[in-house]
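Enquirer: Sharing coords22.txt here; it has compact mmCIF, C-alpha atoms and all ligand atoms.
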```txt
# COMPACT_ATOMS: atom_id res chain seq x y z
CA MET A 150 0.00 0.00 0.00
CA PHE A 151 1.29 3.45 -0.86
CA ALA A 152 1.25 6.30 1.61
CA SER A 153 1.89 8.86 -1.11
CA ASP A 154 1.91 9.24 -4.83
CA PRO A 155 5.23 8.78 -6.56
CA ALA A 156 7.47 11.80 -6.22
CA PRO A 157 7.07 14.05 -9.27
CA VAL A 158 10.36 13.70 -11.03
CA SER A 159 9.97 14.91 -14.60
CA ARG A 160 7.09 14.83 -17.06
CA SER A 161 8.64 11.91 -18.90
CA GLY A 162 9.16 10.08 -15.62
CA THR A 163 12.91 10.10 -15.90
CA VAL A 164 15.38 11.30 -13.32
CA LEU A 165 16.06 15.00 -13.54
CA ARG A 166 19.60 15.99 -14.28
CA ALA A 167 21.44 16.54 -11.06
CA ARG A 168 20.25 19.93 -9.90
CA THR A 169 23.36 20.67 -7.93
CA HIS A 170 26.98 20.48 -8.85
CA LEU A 171 27.58 17.65 -6.41
CA PRO A 172 31.16 18.20 -5.26
CA ASP A 173 30.40 21.84 -4.46
CA ASP A 174 27.04 21.44 -2.77
CA PRO A 175 27.41 22.80 0.77
CA LEU A 176 24.52 20.67 2.08
CA LEU A 177 26.15 17.45 0.92
CA GLY A 178 29.49 18.82 2.11
CA ALA A 179 27.93 19.15 5.58
CA ILE A 180 27.53 15.36 5.87
CA GLY A 181 29.92 14.06 8.51
CA HIS A 182 32.53 16.27 10.24
CA THR A 183 30.40 15.98 13.39
CA PRO A 184 31.81 17.07 16.77
CA LEU A 185 33.26 14.52 19.20
CA LEU A 186 31.71 15.55 22.51
CA PRO A 187 33.15 14.82 25.97
CA LEU A 188 30.42 13.47 28.28
CA ARG A 189 31.93 15.03 31.38
CA HIS A 190 28.84 15.61 33.51
CA LEU A 191 27.70 12.02 33.08
CA LEU A 192 31.15 10.79 34.07
CA GLY A 193 31.32 13.13 37.06
CA ARG A 194 28.51 11.16 38.69
CA GLU A 195 30.30 7.91 37.94
CA ALA A 196 33.59 9.11 39.56
CA ALA A 197 35.20 7.45 36.61
CA GLY A 198 38.78 6.53 35.87
CA PHE A 199 38.24 6.70 32.12
CA GLU A 200 37.27 9.16 29.38
CA LEU A 201 33.98 9.05 27.48
CA TRP A 202 33.45 10.80 24.15
CA ALA A 203 30.46 10.71 21.80
CA LYS A 204 30.15 11.43 18.10
CA ALA A 205 27.21 13.81 17.55
CA GLU A 206 25.71 12.14 14.48
CA PHE A 207 22.32 13.83 15.00
CA MET A 208 24.04 16.93 13.55
CA ASN A 209 24.08 15.48 10.03
CA PRO A 210 21.85 17.31 7.49
CA SER A 211 18.95 14.82 7.56
CA GLY A 212 19.37 14.23 11.29
CA SER A 213 21.22 10.93 11.61
CA VAL A 214 24.38 8.90 11.07
CA LYS A 215 22.69 7.35 8.03
CA ASP A 216 23.52 10.39 5.89
CA ARG A 217 27.03 9.01 5.67
CA ALA A 218 26.06 5.56 4.36
CA ALA A 219 23.23 6.81 2.14
CA TRP A 220 25.45 9.45 0.53
CA GLY A 221 28.25 6.91 0.11
CA ILE A 222 25.84 4.54 -1.66
CA VAL A 223 24.25 7.26 -3.82
CA ARG A 224 27.57 8.82 -4.75
CA SER A 225 29.02 5.52 -5.95
CA ALA A 226 25.80 4.70 -7.85
CA LEU A 227 25.80 8.08 -9.60
CA ALA A 228 29.44 7.58 -10.51
CA ASP A 229 29.05 4.05 -11.93
CA GLY A 230 25.71 4.78 -13.63
CA SER A 231 23.57 2.34 -11.62
CA LEU A 232 21.41 5.30 -10.51
CA GLY A 233 21.13 6.65 -14.05
CA PRO A 234 18.19 8.32 -15.83
CA GLY A 235 14.87 6.52 -15.44
CA ARG A 236 15.90 4.70 -12.28
CA THR A 237 14.21 4.92 -8.91
CA LEU A 238 16.25 4.26 -5.78
CA LEU A 239 14.46 1.50 -3.81
CA ASP A 240 15.52 0.22 -0.39
CA ALA A 241 14.28 -0.97 3.00
CA SER A 242 14.84 1.04 6.16
CA SER A 243 13.83 1.26 9.80
CA GLY A 244 13.50 5.01 9.30
CA ASN A 245 16.73 6.95 9.32
CA THR A 246 18.22 5.62 6.09
CA GLY A 247 14.87 6.28 4.45
CA VAL A 248 15.01 9.89 5.61
CA ALA A 249 18.58 10.19 4.32
CA TYR A 250 17.77 8.68 0.91
CA ALA A 251 14.66 10.86 0.61
CA MET A 252 16.66 14.00 1.40
CA LEU A 253 19.32 13.04 -1.16
CA GLY A 254 16.65 12.25 -3.78
CA ALA A 255 15.13 15.70 -3.31
CA ARG A 256 18.49 17.42 -3.30
CA VAL A 257 20.22 15.62 -6.15
CA GLY A 258 17.13 14.90 -8.25
CA PHE A 259 16.16 11.21 -8.39
CA PRO A 260 12.98 9.38 -7.29
CA VAL A 261 13.02 7.34 -4.07
CA GLU A 262 10.77 4.45 -2.98
CA LEU A 263 11.09 2.98 0.52
CA CYS A 264 9.85 -0.20 2.16
CA LEU A 265 9.23 0.55 5.84
CA PRO A 266 7.70 -1.52 8.65
CA ARG A 267 4.30 0.05 9.35
CA HIS A 268 5.34 1.03 12.89
CA VAL A 269 7.98 3.45 11.54
CA ALA A 270 8.18 6.50 13.79
CA PRO A 271 5.66 9.15 12.69
CA ASP A 272 8.24 11.93 12.54
CA ARG A 273 10.48 9.83 10.25
CA LEU A 274 7.52 9.10 7.99
CA GLU A 275 6.59 12.77 7.95
CA ARG A 276 10.09 13.73 6.85
CA ILE A 277 10.24 11.01 4.19
CA LEU A 278 6.92 12.07 2.68
CA SER A 279 7.84 15.77 2.90
CA TYR A 280 10.96 15.13 0.81
CA GLY A 281 8.64 13.59 -1.81
CA ALA A 282 9.60 9.91 -1.52
CA ARG A 283 7.12 7.08 -2.05
CA VAL A 284 6.48 4.65 0.83
CA VAL A 285 5.49 0.97 0.87
CA PHE A 286 4.44 -0.28 4.30
CA THR A 287 5.37 -3.80 5.40
CA ASP A 288 4.26 -6.03 8.28
CA PRO A 289 5.56 -4.58 11.56
CA ALA A 290 5.81 -8.08 13.05
CA GLU A 291 8.52 -8.88 10.48
CA GLY A 292 10.57 -5.76 11.29
CA THR A 293 13.24 -4.61 8.85
CA ASP A 294 13.78 -8.21 7.67
CA GLY A 295 10.24 -8.09 6.20
CA ALA A 296 10.87 -4.66 4.65
CA GLN A 297 14.07 -6.00 3.09
CA ALA A 298 12.21 -8.99 1.61
CA GLU A 299 9.58 -6.70 0.08
CA ALA A 300 12.21 -4.38 -1.43
CA ARG A 301 14.02 -7.37 -2.93
CA ARG A 302 10.77 -8.74 -4.36
CA ARG A 303 9.98 -5.42 -6.04
CA ALA A 304 13.50 -4.99 -7.40
CA GLU A 305 13.48 -8.49 -8.87
CA ALA A 306 10.04 -7.92 -10.45
CA GLU A 307 11.16 -4.68 -12.19
CA PRO A 308 14.93 -4.67 -12.50
CA GLU A 309 14.93 -1.96 -15.18
CA ARG A 310 12.97 0.42 -13.02
CA TYR A 311 14.85 0.20 -9.77
CA PHE A 312 18.30 0.77 -8.40
CA TYR A 313 18.17 -1.45 -5.29
CA PRO A 314 21.35 -0.87 -3.27
CA ASP A 315 20.30 -3.00 -0.24
CA GLN A 316 21.98 -1.04 2.54
CA TYR A 317 22.25 -4.27 4.58
CA ASN A 318 24.65 -5.74 2.03
CA HIS A 319 26.20 -2.80 0.17
CA ALA A 320 29.95 -2.27 0.61
CA ALA A 321 29.59 1.51 0.22
CA ASN A 322 27.78 1.54 3.60
CA PRO A 323 30.71 0.41 5.81
CA ASP A 324 33.13 2.05 3.36
CA ALA A 325 31.56 5.45 4.09
CA HIS A 326 32.47 4.96 7.75
CA TYR A 327 35.94 3.71 6.86
CA ARG A 328 36.49 6.89 4.81
CA THR A 329 34.87 9.40 7.17
CA THR A 330 33.80 8.32 10.69
CA GLY A 331 37.00 6.39 11.41
CA PRO A 332 39.42 9.14 10.33
CA GLU A 333 37.35 11.78 12.14
CA ILE A 334 37.44 9.84 15.43
CA TRP A 335 41.15 9.17 15.03
CA ALA A 336 41.90 12.88 14.46
CA GLN A 337 39.45 14.21 17.07
CA SER A 338 40.72 11.85 19.78
CA GLU A 339 44.30 12.69 18.73
CA GLY A 340 44.93 8.99 18.27
CA ARG A 341 44.08 8.25 21.91
CA VAL A 342 40.92 6.18 21.39
CA THR A 343 41.21 2.75 23.08
CA ASP A 344 37.59 1.57 22.75
CA LEU A 345 34.92 1.91 20.09
CA VAL A 346 31.36 1.20 21.25
CA ALA A 347 28.57 1.33 18.66
CA GLY A 348 25.11 -0.04 17.96
CA VAL A 349 24.42 -2.57 15.22
CA GLY A 350 21.67 -1.99 12.67
CA THR A 351 23.23 -2.77 9.31
CA GLY A 352 26.58 -2.95 11.12
CA GLY A 353 27.97 -0.36 8.71
CA THR A 354 28.96 2.16 11.37
CA ILE A 355 30.79 -0.24 13.67
CA SER A 356 32.42 -2.29 10.89
CA GLY A 357 33.74 0.57 8.74
CA THR A 358 34.85 2.68 11.71
CA ALA A 359 36.52 -0.27 13.48
CA ARG A 360 38.32 -1.33 10.32
CA PHE A 361 39.92 2.10 9.96
CA LEU A 362 40.81 2.50 13.64
CA ARG A 363 42.25 -1.04 13.92
CA GLU A 364 44.65 -0.28 11.09
CA ARG A 365 45.96 2.62 13.16
CA ARG A 366 45.70 0.88 16.50
CA PRO A 367 45.73 -2.95 16.42
CA ASP A 368 44.89 -3.17 20.15
CA LEU A 369 41.65 -1.18 19.75
CA ARG A 370 38.78 -2.87 21.62
CA VAL A 371 35.48 -2.94 19.74
CA THR A 372 32.14 -3.46 21.52
CA ALA A 373 28.88 -3.95 19.63
CA VAL A 374 25.59 -2.82 21.18
CA GLU A 375 22.39 -4.76 20.61
CA PRO A 376 18.93 -4.87 22.21
CA ASP A 377 18.52 -7.54 24.90
CA GLY A 378 15.80 -9.41 23.01
CA PRO A 379 13.83 -9.58 19.77
CA LEU A 380 11.05 -7.30 21.08
CA HIS A 381 12.56 -3.97 22.01
CA GLY A 382 12.23 -0.19 21.71
CA LEU A 383 15.70 0.51 20.33
CA GLU A 384 14.77 1.59 16.86
CA GLY A 385 17.56 1.17 14.33
CA LEU A 386 19.25 -1.67 16.27
CA LYS A 387 19.04 -5.40 15.54
CA HIS A 388 19.00 -8.30 17.98
CA LEU A 389 21.33 -10.43 15.88
CA PRO A 390 20.61 -13.83 17.47
CA THR A 391 17.04 -13.60 16.15
CA ALA A 392 17.48 -11.40 13.05
CA ARG A 393 18.97 -11.90 9.62
CA ARG A 394 22.68 -11.09 9.88
CA PRO A 395 23.53 -8.19 7.54
CA GLY A 396 26.40 -8.66 5.09
CA THR A 397 27.62 -5.19 6.12
CA TYR A 398 28.35 -6.42 9.67
CA ASP A 399 31.89 -7.74 10.04
CA ALA A 400 31.80 -9.77 13.27
CA THR A 401 35.52 -10.51 12.99
CA LEU A 402 36.24 -6.90 14.05
CA VAL A 403 34.10 -7.11 17.18
CA ASP A 404 35.59 -8.21 20.52
CA ALA A 405 32.42 -8.17 22.63
CA THR A 406 28.69 -7.59 22.40
CA LEU A 407 26.71 -5.87 25.15
CA ARG A 408 22.94 -6.31 25.08
CA VAL A 409 21.05 -3.39 26.62
CA GLU A 410 17.51 -3.28 28.00
CA THR A 411 15.20 -0.70 26.45
CA GLU A 412 14.37 0.68 29.94
CA ALA A 413 18.05 1.33 30.69
CA ALA A 414 18.55 2.98 27.29
CA LEU A 415 15.57 5.27 27.79
CA ALA A 416 16.72 6.21 31.29
CA MET A 417 20.15 7.10 29.88
CA ARG A 418 18.48 9.07 27.10
CA GLY A 419 16.84 11.17 29.82
CA ARG A 420 20.17 11.70 31.60
CA LEU A 421 21.88 12.73 28.35
CA ALA A 422 19.24 15.43 27.87
CA ARG A 423 19.25 16.69 31.46
CA GLU A 424 22.95 16.35 32.30
CA GLU A 425 24.66 16.91 28.93
CA GLY A 426 22.11 18.98 26.98
CA LEU A 427 21.87 16.27 24.31
CA PHE A 428 18.38 15.31 23.08
CA VAL A 429 19.11 11.97 21.41
CA GLY A 430 17.31 8.79 20.36
CA ALA A 431 16.94 5.54 22.26
CA SER A 432 19.81 3.79 20.42
CA ALA A 433 22.13 6.61 21.56
CA GLY A 434 21.02 5.94 25.14
CA ALA A 435 21.85 2.25 24.66
CA ALA A 436 25.27 3.11 23.21
CA VAL A 437 26.12 5.27 26.22
CA VAL A 438 24.92 2.61 28.71
CA ALA A 439 27.30 0.17 27.01
CA ALA A 440 30.13 2.71 26.74
CA LEU A 441 29.97 3.39 30.50
CA GLU A 442 30.14 -0.35 31.17
CA VAL A 443 33.19 -0.68 28.90
CA GLY A 444 34.89 2.24 30.67
CA ARG A 445 34.24 0.75 34.12
CA ARG A 446 35.73 -2.56 32.99
CA HIS A 447 38.87 -0.89 31.59
CA PRO A 448 40.30 1.85 33.85
CA GLY A 449 42.34 4.44 31.95
CA SER A 450 40.49 3.81 28.70
CA VAL A 451 39.42 6.45 26.19
CA VAL A 452 35.97 5.24 25.12
CA VAL A 453 34.37 6.64 21.96
CA THR A 454 30.74 5.97 21.14
CA VAL A 455 28.23 7.13 18.55
CA LEU A 456 24.97 9.05 19.09
CA PRO A 457 23.13 7.99 15.89
CA ASP A 458 20.17 10.36 15.93
CA ALA A 459 18.09 12.90 17.82
CA GLY A 460 15.14 12.23 20.12
CA ARG A 461 11.57 12.73 19.09
CA PRO A 462 8.50 14.40 20.56
CA ARG A 463 7.18 12.82 23.77
CA SER A 464 3.77 12.35 22.19
CA GLU A 465 5.23 9.83 19.76
CA PRO A 466 5.80 6.13 20.51
CA GLU A 467 9.33 4.82 21.05
CA GLY A 468 10.00 2.50 18.11
CA ARG A 469 8.87 -1.04 18.61
C1 LIG B 501 18.79 5.15 15.36
C2 LIG B 501 19.83 4.23 14.83
N1 LIG B 501 20.81 3.80 15.62
C3 LIG B 501 21.76 2.97 15.19
C4 LIG B 501 21.78 2.51 13.89
C5 LIG B 501 22.84 1.53 13.48
O1 LIG B 501 23.64 1.96 12.45
P1 LIG B 501 24.26 0.94 11.40
O2 LIG B 501 23.17 0.65 10.41
O3 LIG B 501 25.39 1.66 10.77
O4 LIG B 501 24.66 -0.29 12.12
C6 LIG B 501 20.78 2.92 13.04
C7 LIG B 501 20.73 2.41 11.68
O5 LIG B 501 19.71 2.46 11.02
C8 LIG B 501 19.79 3.81 13.51
O6 LIG B 501 18.79 4.23 12.71
```
Before anything else, please render the file you have as structure tokens.
Ligand SMILES: Cc1ncc(COP(=O)(O)O)c(C=O)c1O
Expert:
Amino acid sequence: MFASDPAPVSRSGTVLRARTHLPDDPLLGAIGHTPLLPLRHLLGREAAGFELWAKAEFMNPSGSVKDRAAWGIVRSALADGSLGPGRTLLDASSGNTGVAYAMLGARVGFPVELCLPRHVAPDRLERILSYGARVVFTDPAEGTDGAQAEARRRAEAEPERYFYPDQYNHAANPDAHYRTTGPEIWAQSEGRVTDLVAGVGTGGTISGTARFLRERRPDLRVTAVEPDGPLHGLEGLKHLPTARRPGTYDATLVDATLRVETEAALAMRGRLAREEGLFVGASAGAAVVAALEVGRRHPGSVVVTVLPDAGRPRSEPEGR
């Protein structure tokens, strides 16, 4: 079922010529380069013997870390012609990648169609539709695995019509983090980072960032953050024991996995707002819960984590 009509692209239905000269577009140039924030107030209460820093990914143009992966995917597809005239970008998302693709489609000038579980957060859906993308709702009980299956089915049925990158298996997703997030953390921590702690959705963030940092620092510890069970409120994160394992997740780079309860993540989300002035999403709360645990286990460590997106209005439900 469609929540909107197809985005008007051109009268002939083909992709408009890129409206912006891509390399010089300041909006696209604003993707990444996010601040690395010390979480000093939070640590003060912990009387900690370690440092805790967080990458402010909610400061990306469409509001989340997914701008990096989506732009990496779109840029490579524009360069190799797979997102050429007449093609619609089609993919599955839990929300943030959909918002990022939709923003890029509006900015660069190509149509976007997204398969989203019906329980997608209302503010994400509002943004996606505002950017003019088309939405296909899938069974919420099947989560993003079901959305992925629907996107694949559509792409296989009309291969000429769609460019189907499949963010869960596209190398440009972790590569974007290898090229940008990793080098930024290395420079911003002045090479002092000892621990990377990050949530796993597609696994792109943790895999690409860890790969870069490990090359610089072979003793880097990498901790993955997952929900503590298949039913959770940590939108954007996967409980890997019960989900399809994404090809973009490189488990060989990960030393440990910490599974965080939704309640603990939401409580930390509240503390981040009140004590650090950071209004972030539930997966950011989970990442910080795990990062504090890693710091406590390793005195003297310099722990870097990722705050993937911003919070949302109280009136809206917290993911699933
Ligand atoms: C809110 C949120 N947190 C964390 C992640 C995980 O990022 P990645 O897909 O790079 O593993 C996502 C990905 O969609 C997300 O939307």
Enquirer: Within 6 Å of ligand LIG 501 (chain B), counting only C-alpha atoms and all ligand atoms, which protein or nucleic acid residues do you find, written as a CSV table (one decimal) with C-alpha atoms, in the frame of the given file?
Expert:
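Wrote it out as pocket_23.csv, contents follow:
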```
chain,number,residue,atom,x,y,z
A,245,ASN,CA,16.7,7.0,9.3
A,348,GLY,CA,25.1,0.0,18.0
A,349,VAL,CA,24.4,-2.6,15.2
A,350,GLY,CA,21.7,-2.0,12.7
A,351,THR,CA,23.2,-2.8,9.3
A,352,GLY,CA,26.6,-3.0,11.1
A,353,GLY,CA,28.0,-0.4,8.7
A,354,THR,CA,29.0,2.2,11.4
A,384,GLU,CA,14.8,1.6,16.9
A,385,GLY,CA,17.6,1.2,14.3
A,386,LEU,CA,19.2,-1.7,16.3
A,432,SER,CA,19.8,3.8,20.4
A,457,PRO,CA,23.1,8.0,15.9
A,458,ASP,CA,20.2,10.4,15.9
```
Enquirer: Distance CA of Ser211 in chain A-CA of Pro379 in chain A, one decimal place?
Expert: 27.8 Å
Enquirer: When you look at His388 in chain A with a cut-off of 8 Å (counting all atoms listed in the file), what residues show up, excluding the ones that are within fewer than 3 positions of it in the same chain? I need them as a VMD selection string.
Expert: chain A and resid 375 to 379 391 to 392
Enquirer: Considering only C-alpha atoms, can you say which of A:Gly212, A:Phe286, A:Gly449, A:Phe312 comes closest to Gly230 in chain A?
Expert: A:Phe312
Enquirer: Choose the residue, out of A:Leu383, A:Ile355, A:Leu389, A:Ala433, that has the smallest atom-to-atom separation from Phe207 in chain A; count only C-alpha atoms.
Expert: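 Nearest candidate to Phe207 in chain A out of A:Leu383, A:Ile355, A:Leu389, A:Ala433: A:Ala433.
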Enquirer: Nearest residue to Leu253 in chain A out of A:Asp216, A:Glu424, A:Asp404, A:Asp344, using only C-alpha atoms?
Expert: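 Ranked by minimum distance to Leu253 in chain A, first place goes to A:Asp216.
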Enquirer: Please, what distance in Å, to one decimal, runs between CA of His326 in chain A and CA of Leu369 in chain A?
Expert: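 Distance reported for this atom pair: 16.3 Å.
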Enquirer: Find, counting all atoms listed in the file, the residue in A:Arg341, A:Arg461, A:Arg363, A:Arg283 that gets nearest to Leu263 in chain A.
Expert: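 When distances to Leu263 in chain A are compared using all atoms listed in the file, the smallest one comes from A:Arg283.
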Enquirer: Just want the 9 Å neighbourhood of Ala435 in chain A, counted on only C-alpha atoms, with same-chain residues fewer than 2 positions away dropped. Output as a ChimeraX atom specification.
Expert: /A:348,374-376,383,408-411,413-415,417-418,431-433,437-440
Enquirer: Which one of A:Val248, A:Val214, A:Val452, A:Thr372 sits closest to Asp272 in chain A if you count only C-alpha atoms?
Expert: A:Val248
Enquirer: Nearest to Ser225 in chain A: which of A:Ser338, A:Thr401, A:Thr183, A:Asn322 is it, counting all atoms listed in the file?
Expert: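 Among A:Ser338, A:Thr401, A:Thr183, A:Asn322, it is A:Asn322 that comes nearest to Ser225 in chain A.
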Enquirer: What is the CA of Arg310 in chain A to CA of Gly178 in chain A distance in Å?
Expert: 29.0 Å
Enquirer: Excluding Leu265 in chain A and residues on its chain fewer than 4 positions from it, collect all residues at most 7 Å away from it, counting only C-alpha atoms, and give them as a PDB file with C-alpha atoms, keeping the file's coordinate frame.
Expert:
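For reference, part_29.pdb as written:
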```pdb
ATOM      1  CA  ALA A 241      14.280  -0.970   3.000  1.00  0.00           C
ATOM      2  CA  SER A 242      14.840   1.040   6.160  1.00  0.00           C
ATOM      3  CA  SER A 243      13.830   1.260   9.800  1.00  0.00           C
ATOM      4  CA  VAL A 269       7.980   3.450  11.540  1.00  0.00           C
ATOM      5  CA  VAL A 285       5.490   0.970   0.870  1.00  0.00           C
ATOM      6  CA  PHE A 286       4.440  -0.280   4.300  1.00  0.00           C
ATOM      7  CA  THR A 287       5.370  -3.800   5.400  1.00  0.00           C
ATOM      8  CA  ALA A 296      10.870  -4.660   4.650  1.00  0.00           C
TER       9      ALA A 296
END
```
Enquirer: So which residues fall inside 7 Å of (26.4, 19.8, 22.2) if we count all atoms listed in the file? Mind giving them as a list in words?
Expert: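 Applying the cut-off with all atoms listed in the file, one gets Leu186, Gly426 and Leu427 of chain A.
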Enquirer: Could you give me range 388-412 of chain A completed to N, CA and C atoms, formatted as a PDB file, in the frame of the given file?
Expert:
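Saved result, result-v7.pdb, follows:
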```
ATOM      1  N   HIS A 388      18.613  -7.244  17.041  1.00  0.00           N
ATOM      2  CA  HIS A 388      19.000  -8.300  17.980  1.00  0.00           C
ATOM      3  C   HIS A 388      19.478  -9.459  17.105  1.00  0.00           C
ATOM      4  N   LEU A 389      20.789  -9.527  16.911  1.00  0.00           N
ATOM      5  CA  LEU A 389      21.330 -10.430  15.880  1.00  0.00           C
ATOM      6  C   LEU A 389      21.013 -11.912  16.080  1.00  0.00           C
ATOM      7  N   PRO A 390      20.927 -12.388  17.340  1.00  0.00           N
ATOM      8  CA  PRO A 390      20.610 -13.830  17.470  1.00  0.00           C
ATOM      9  C   PRO A 390      19.287 -14.212  16.831  1.00  0.00           C
ATOM     10  N   THR A 391      18.361 -13.249  16.706  1.00  0.00           N
ATOM     11  CA  THR A 391      17.040 -13.600  16.150  1.00  0.00           C
ATOM     12  C   THR A 391      16.736 -12.865  14.843  1.00  0.00           C
ATOM     13  N   ALA A 392      17.720 -12.157  14.286  1.00  0.00           N
ATOM     14  CA  ALA A 392      17.480 -11.400  13.050  1.00  0.00           C
ATOM     15  C   ALA A 392      18.378 -11.939  11.948  1.00  0.00           C
ATOM     16  N   ARG A 393      18.084 -11.522  10.727  1.00  0.00           N
ATOM     17  CA  ARG A 393      18.970 -11.900   9.620  1.00  0.00           C
ATOM     18  C   ARG A 393      20.267 -11.105   9.766  1.00  0.00           C
ATOM     19  N   ARG A 394      21.401 -11.776   9.680  1.00  0.00           N
ATOM     20  CA  ARG A 394      22.680 -11.090   9.880  1.00  0.00           C
ATOM     21  C   ARG A 394      23.054 -10.297   8.621  1.00  0.00           C
ATOM     22  N   PRO A 395      23.225  -8.966   8.739  1.00  0.00           N
ATOM     23  CA  PRO A 395      23.530  -8.190   7.540  1.00  0.00           C
ATOM     24  C   PRO A 395      24.927  -8.479   7.008  1.00  0.00           C
ATOM     25  N   GLY A 396      25.085  -8.466   5.697  1.00  0.00           N
ATOM     26  CA  GLY A 396      26.400  -8.660   5.090  1.00  0.00           C
ATOM     27  C   GLY A 396      27.356  -7.515   5.410  1.00  0.00           C
ATOM     28  N   THR A 397      26.799  -6.358   5.805  1.00  0.00           N
ATOM     29  CA  THR A 397      27.620  -5.190   6.120  1.00  0.00           C
ATOM     30  C   THR A 397      28.179  -5.241   7.542  1.00  0.00           C
ATOM     31  N   TYR A 398      27.825  -6.288   8.303  1.00  0.00           N
ATOM     32  CA  TYR A 398      28.350  -6.420   9.670  1.00  0.00           C
ATOM     33  C   TYR A 398      29.509  -7.394   9.665  1.00  0.00           C
ATOM     34  N   ASP A 399      30.692  -6.893  10.017  1.00  0.00           N
ATOM     35  CA  ASP A 399      31.890  -7.740  10.040  1.00  0.00           C
ATOM     36  C   ASP A 399      32.182  -8.144  11.486  1.00  0.00           C
ATOM     37  N   ALA A 400      31.673  -9.313  11.875  1.00  0.00           N
ATOM     38  CA  ALA A 400      31.800  -9.770  13.270  1.00  0.00           C
ATOM     39  C   ALA A 400      33.252 -10.031  13.647  1.00  0.00           C
ATOM     40  N   THR A 401      34.125 -10.213  12.659  1.00  0.00           N
ATOM     41  CA  THR A 401      35.520 -10.510  12.990  1.00  0.00           C
ATOM     42  C   THR A 401      36.218  -9.296  13.625  1.00  0.00           C
ATOM     43  N   LEU A 402      35.639  -8.112  13.462  1.00  0.00           N
ATOM     44  CA  LEU A 402      36.240  -6.900  14.050  1.00  0.00           C
ATOM     45  C   LEU A 402      35.761  -6.641  15.466  1.00  0.00           C
ATOM     46  N   VAL A 403      34.768  -7.412  15.911  1.00  0.00           N
ATOM     47  CA  VAL A 403      34.100  -7.110  17.180  1.00  0.00           C
ATOM     48  C   VAL A 403      34.610  -8.041  18.284  1.00  0.00           C
ATOM     49  N   ASP A 404      35.061  -7.428  19.405  1.00  0.00           N
ATOM     50  CA  ASP A 404      35.590  -8.210  20.520  1.00  0.00           C
ATOM     51  C   ASP A 404      34.497  -8.675  21.472  1.00  0.00           C
ATOM     52  N   ALA A 405      33.465  -7.848  21.647  1.00  0.00           N
ATOM     53  CA  ALA A 405      32.420  -8.170  22.630  1.00  0.00           C
ATOM     54  C   ALA A 405      31.106  -7.547  22.186  1.00  0.00           C
ATOM     55  N   THR A 406      30.021  -8.159  22.645  1.00  0.00           N
ATOM     56  CA  THR A 406      28.690  -7.590  22.400  1.00  0.00           C
ATOM     57  C   THR A 406      28.022  -7.363  23.746  1.00  0.00           C
ATOM     58  N   LEU A 407      27.489  -6.143  23.937  1.00  0.00           N
ATOM     59  CA  LEU A 407      26.710  -5.870  25.150  1.00  0.00           C
ATOM     60  C   LEU A 407      25.264  -5.687  24.734  1.00  0.00           C
ATOM     61  N   ARG A 408      24.368  -6.411  25.395  1.00  0.00           N
ATOM     62  CA  ARG A 408      22.940  -6.310  25.080  1.00  0.00           C
ATOM     63  C   ARG A 408      22.269  -5.455  26.145  1.00  0.00           C
ATOM     64  N   VAL A 409      21.573  -4.410  25.705  1.00  0.00           N
ATOM     65  CA  VAL A 409      21.050  -3.390  26.620  1.00  0.00           C
ATOM     66  C   VAL A 409      19.529  -3.426  26.635  1.00  0.00           C
ATOM     67  N   GLU A 410      18.974  -3.328  27.856  1.00  0.00           N
ATOM     68  CA  GLU A 410      17.510  -3.280  28.000  1.00  0.00           C
ATOM     69  C   GLU A 410      16.988  -1.936  27.531  1.00  0.00           C
ATOM     70  N   THR A 411      15.815  -1.954  26.922  1.00  0.00           N
ATOM     71  CA  THR A 411      15.200  -0.700  26.450  1.00  0.00           C
ATOM     72  C   THR A 411      15.032   0.289  27.604  1.00  0.00           C
ATOM     73  N   GLU A 412      14.590  -0.221  28.797  1.00  0.00           N
ATOM     74  CA  GLU A 412      14.370   0.680  29.940  1.00  0.00           C
ATOM     75  C   GLU A 412      15.644   1.430  30.302  1.00  0.00           C
TER      76      GLU A 412
END
```
